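Notes follow the structure.
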Amino acid sequence: MTQTCWTLTDVEGGFDQPEFVIGSGDVPGTPPGWFVRKQTLRCGLQDGVEIVEINNGRMRLTVLPTRGMGIWKAWVDQTPLGWNSPVRGPVHPKFVPLTEPSGLGWLDGFDELLVRCGLENNGAPDFDDNHVLRYPLHGRIANRPAHRVQVRVDAERGEISVTGEVEESRFLFYHLRLRSTVTTSFHSTGFRIHDQVENPSDVPTGMQLLYHINFGAPLLDAGAKLVVPAKTVVPRDTRAAEGIDTWDSYLGPQPGFAEQVYFFELLSDKSGRSRVLLKNAHSTQGVCLEFETEQLPCFTQWKNTAAESDGYVTGLEPATNFPNPRSFEQQQRRVVELPARGQREFEVAVNWLLDADAVAEAEKSVQRLKAGQKPTIHKTPQPGWCMV
Amino acid sequence: MTQTCWTLTDVEGGFDQPEFVIGSGDVPGTPPGWFVRKQTLRCGLQDGVEIVEINNGRMRLTVLPTRGMGIWKAWVDQTPLGWNSPVRGPVHPKFVPLTEPSGLGWLDGFDELLVRCGLENNGAPDFDDNHVLRYPLHGRIANRPAHRVQVRVDAERGEISVTGEVEESRFLFYHLRLRSTVTTSFHSTGFRIHDQVENPSDVPTGMQLLYHINFGAPLLDAGAKLVVPAKTVVPRDTRAAEGIDTWDSYLGPQPGFAEQVYFFELLSDKSGRSRVLLKNAHSTQGVCLEFETEQLPCFTQWKNTAAESDGYVTGLEPATNFPNPRSFEQQQRRVVELPARGQREFEVAVNWLLDADAVAEAEKSVQRLKAGQKPTIHKTPQPGWCMV
Amino acid sequence: MTQTCWTLTDVEGGFDQPEFVIGSGDVPGTPPGWFVRKQTLRCGLQDGVEIVEINNGRMRLTVLPTRGMGIWKAWVDQTPLGWNSPVRGPVHPKFVPLTEPSGLGWLDGFDELLVRCGLENNGAPDFDDNHVLRYPLHGRIANRPAHRVQVRVDAERGEISVTGEVEESRFLFYHLRLRSTVTTSFHSTGFRIHDQVENPSDVPTGMQLLYHINFGAPLLDAGAKLVVPAKTVVPRDTRAAEGIDTWDSYLGPQPGFAEQVYFFELLSDKSGRSRVLLKNAHSTQGVCLEFETEQLPCFTQWKNTAAESDGYVTGLEPATNFPNPRSFEQQQRRVVELPARGQREFEVAVNWLLDADAVAEAEKSVQRLKAGQKPTIHKTPQPGWCMV
């Protein structure tokens, strides 16, 4: 009997493997060139961070159990697919002052390709009437370590998966459990996320989840475009409103550029699936995200085309809500209600497109969703969408 | 000469043993079956937590040097004696945002059988007039690591002890030192705590200490009773007042149950010793706490008979004060004054009763303290006791 | 080819040496008796702290990469040169609640001989109009770990150097990089610091830096004197004003002594170099600091002659500013403006004087700077200097 599942961490069972590696020699029937490796980083801000590297033979992904199963970086054929944050990560949560009074400490650890914002809240910090922090920026889950991590290799389907379980719990206040799986096919240039968020409690609770997926150079460049099947586009604030006429195209690096954020309602196909494409100026490279609008009804675009040294980046953010303070989103009924013992599933697929044909194909696929519909583009922030 | 004392940690001397074990073969004249073992946990929220397991041949205790010498869990003959918190501990202090603006971060690490609340303060968070946190919920000591840990085995007295020193110090503001010893006799079903709290400073200071001792199923069940030699009983707030007529009995797990807290003045015997008993519905099992009312004049009962998944538990809490915000307790003169270089001693014994006879015996012993006196039971929160 | 440079930590390159030692046998042409050694401390508050010990054959220095390259302690011929803090350090940043709402968490880790206060701010905590913490006491740099550490031995110049790089960065908010080198000559009784602070960003930023250099017994004693080439002396507050007539002399340990702080403008020589001397009551021992007044125009004296148990200590603090809240210093234009990609250099030399001749020589050297000028000594706090 061939082993197809390996446990890297099992806190309950008192088991962990600080160093681990498997490759094609370990699983009959798999192609050469793939491996999965776990290390624990030392020194600097990354001291103690566990990192699981998945190399599918063509694409490499680094998964961070210590940071809520976020995906730190990815490469295809040596080309980096993420962005360069001025933060020197991956940063261990012990160096992230998540709940400092400003609520902005999360930014000290922000350098991932894909980071989950949630689970109790995401979005801007939320304060009570006495200016005491109630919910910190983008929530806690990205700074909580997994208590269980497993690797699976399925020779028949040709897939490698890493699953991790992470909890966000405060006695008497909240308790949410994430079971997250990232899967990639051998020699592919993409991955998909399957997340289950569970309320293990016997009282109902609320949850929010936003996938903050971030791309910089070389994919992002002057003239890069976001192609989305928009039904509605809303600028978050006056700063975003300034740029509403060019919301779908990107500048090159601009020292001192102040971020612009747009909120979207997206169209989907009959099965509820939607798709967005980010492509470079020459339409020769791109990345495509796919997700279900019923699971993730709110889409946010974050444009931060600052200087390369300050983080030249755009965030594409499928989510259960818009990243406003939680109490505002609650008023708009954009907090997911989880009954006692209830759970929700979320899926996002990310695929890199490495030539003009693949980009054109993806663009057509988005156009098909639009089916000729013109989006409603609001020139100013809208009530119900934005804190105006 | 036989060794009877082992140093596990000595920060001053630059010495520590990450892994350690001794057993009956190491100390002539001791019965078989006991051992003491130290490990350092890895991964998840427990990453880096040191744990010392004492197995006296019948009862196992796990002591947490990394969490202020708290007692994580205990078992007699494989039966767990504590409770099941929704927090997946033991949680390393680096994951506990003790001083977040809400003052409630302590709850992120709360899953122990016995946790000390102190030393500068315990009780509800305390804020200044500008709503800036002054004292966090239940203080800092449970999230400070010991700098010295020793094990002693006394073959003559038939005892195993673990001693740890922990400090709570902020330059210019506070400096308190705990020297804590937990002792258990071979093959017994109980342990006792002997704590010394010292002011190593040349200026006077104040201190508070509360033993948060927590029990769940199977001991706690529908119909379980708290038997105490009460002189006075006071509900903490209107929620507690709702249940004042049944303060001494427990419900089974109730999803959504909101906690109820009662404050007590207890009677003691001539030597100042008092005793409380928690017994199950059928009086076939119980646990008995003993302490001196001069050392620990305030007793608090915390009823949290929520669903098992949310922490079905009661806390029995002998203390120097009631767990109100420190500034309120200060007004009531329930903060212990420690002169320069002064110190105080505190003792608590915890014994499990495993059959009806032992329970009946303990109940009689509590009744003797009452000597027929009827307690004064207040129906509503009282000034001087509660923040009403 | 002889090795003269060793890398101890290189986070970028995925390299670190948890344990390391080199000595005179490793570098031809160096005298016997010196060594450099790195360890990682375990348990207590120091768990995980990396410490680099430099022994030049006569003086030992301990450098703390984990605490922003501070200098923990020093000894000459077994005599300790620092002070005894009630804090049991060196304290790992994970145990320092830097940004707790009070802004005072920095004090939990304060026990070094030399600690840098900065880089975004130093000085008293700064709050916004809603009493929300904006800048914590003395900034973040002392609680950030180095991501690169190197040792250099120069046989020709007869010097040992340790260089570390540390960053203070929050995405979108601040980004400052410290490149710090401490150098000592073989068999000398002093060291010098060379710091470069860089703005790696493409937008301008501000910075502050204060060297908090702290001395206690046996050097500090009743009758010890501070000899400085003062042009102006200003008491920080009414408490300091009480002692203005004796600002330059020290008491022995006084239980309950409340700190006194004085601000100075200093004279320098033609090349801009200034010098201050702390000497004991009998002028038989001393320590001399040298620095450039253009780099570090503000000098602060901190008198904390409390009981030995509470930290009997004086701080001598050359800085870019006075340790007032940053917003106040900003108004006084005492925040250093760093243009995009800009940088500043800072140098401080610390030399111990071990006999009366050396002390007399240093005193003459300070007197020469004064050149007979009388300082302006203000009896009360002054606008522009103090928050009065």
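A note on labels: chains of the structure tokens are A, B, ... as shown, every chain counts residues from 1, and ligands are counted from 1 in their shown order.
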
Notebook entry, point to check: If you run DSSP on the backbone, which residues of segment 201-282 of chain C are helix (DSSP H, G or I), as a PyMOL selection string?
Noted result: chain C and resi 238-242+244-246

Note to self: Taking only C-alpha atoms into account, find every residue of chain B that has an atom no more than 7 Å from chain C, and write it out as JSON, numbers by chain.
What the structure shows: {"B": [11, 94, 99, 100, 101, 130, 132, 133, 145, 146, 147, 169, 170, 171, 200, 201, 202, 203]}

Check: Glu345 of chain B: which residues within 9 Å, counting only C-alpha atoms, same-chain residues fewer than 5 positions away excluded, as a PyMOL selection string?
Finding: chain B and resi 194-198+295

Note to self: Could you tell me how far atom CA of Arg192 of chain C sits from atom CA of Val348 of chain C, in Å to one decimal place?
What the structure shows: 5.7 Å

Item checked: Contacts of segment 237-242 of chain B at 6 Å (only C-alpha atoms; same-chain gap of 3+ positions) as a PyMOL selection string -> chain B and resi 260-261+379-381

Checklist line | Shell of 12 Å around Phe346 of chain A, only C-alpha atoms, local chain residues under 3 positions omitted, as a PyMOL selection string | finding: chain A and resi 116+178-182+192-198+208-211+273+290-297+318-320+343+349

Written file, previous selection with C-alpha atoms, as a PDB file, in the first residue's frame:
```
ATOM      1  CA  ARG A 116      -7.036  35.663   4.088  1.00  0.00           C
ATOM      2  CA  LEU A 178     -10.858  27.294   9.091  1.00  0.00           C
ATOM      3  CA  ARG A 179     -10.063  24.098   7.248  1.00  0.00           C
ATOM      4  CA  SER A 180      -8.099  25.215   4.236  1.00  0.00           C
ATOM      5  CA  THR A 181      -6.831  23.180   1.301  1.00  0.00           C
ATOM      6  CA  VAL A 182      -4.598  24.382  -1.513  1.00  0.00           C
ATOM      7  CA  ARG A 192      -7.104  26.339  -6.225  1.00  0.00           C
ATOM      8  CA  ILE A 193      -8.171  27.003  -2.677  1.00  0.00           C
ATOM      9  CA  HIS A 194     -10.979  25.163  -0.948  1.00  0.00           C
ATOM     10  CA  ASP A 195     -11.841  26.598   2.437  1.00  0.00           C
ATOM     11  CA  GLN A 196     -14.370  25.471   4.951  1.00  0.00           C
ATOM     12  CA  VAL A 197     -15.254  27.861   7.760  1.00  0.00           C
ATOM     13  CA  GLU A 198     -17.002  26.249  10.656  1.00  0.00           C
ATOM     14  CA  GLN A 208     -16.376  37.578   7.169  1.00  0.00           C
ATOM     15  CA  LEU A 209     -13.788  36.377   4.676  1.00  0.00           C
ATOM     16  CA  LEU A 210     -11.837  38.261   2.042  1.00  0.00           C
ATOM     17  CA  TYR A 211      -9.101  36.803  -0.149  1.00  0.00           C
ATOM     18  CA  ARG A 273     -19.253  31.048 -11.412  1.00  0.00           C
ATOM     19  CA  GLU A 290     -12.402  32.135 -10.606  1.00  0.00           C
ATOM     20  CA  PHE A 291     -14.928  31.924  -7.780  1.00  0.00           C
ATOM     21  CA  GLU A 292     -18.640  31.600  -7.040  1.00  0.00           C
ATOM     22  CA  THR A 293     -20.546  34.855  -6.567  1.00  0.00           C
ATOM     23  CA  GLU A 294     -22.930  33.170  -4.174  1.00  0.00           C
ATOM     24  CA  GLN A 295     -20.029  32.268  -1.891  1.00  0.00           C
ATOM     25  CA  LEU A 296     -18.129  35.511  -2.489  1.00  0.00           C
ATOM     26  CA  PRO A 297     -20.616  38.155  -3.661  1.00  0.00           C
ATOM     27  CA  PRO A 318     -13.189  38.256  -3.807  1.00  0.00           C
ATOM     28  CA  ALA A 319     -15.011  38.350  -0.487  1.00  0.00           C
ATOM     29  CA  THR A 320     -18.187  37.885   1.502  1.00  0.00           C
ATOM     30  CA  GLN A 343     -20.353  25.957   8.184  1.00  0.00           C
ATOM     31  CA  ALA A 349      -8.932  29.269  -8.371  1.00  0.00           C
TER      32      ALA A 349
END
```

Checklist line | Which of segment 85-242 of chain A fall in strand (DSSP E), as a PyMOL selection string | finding: chain A and resi 114-119+126-127+133-135+148-154+159-170+174-185+190-198+205-215+225-227+230-235
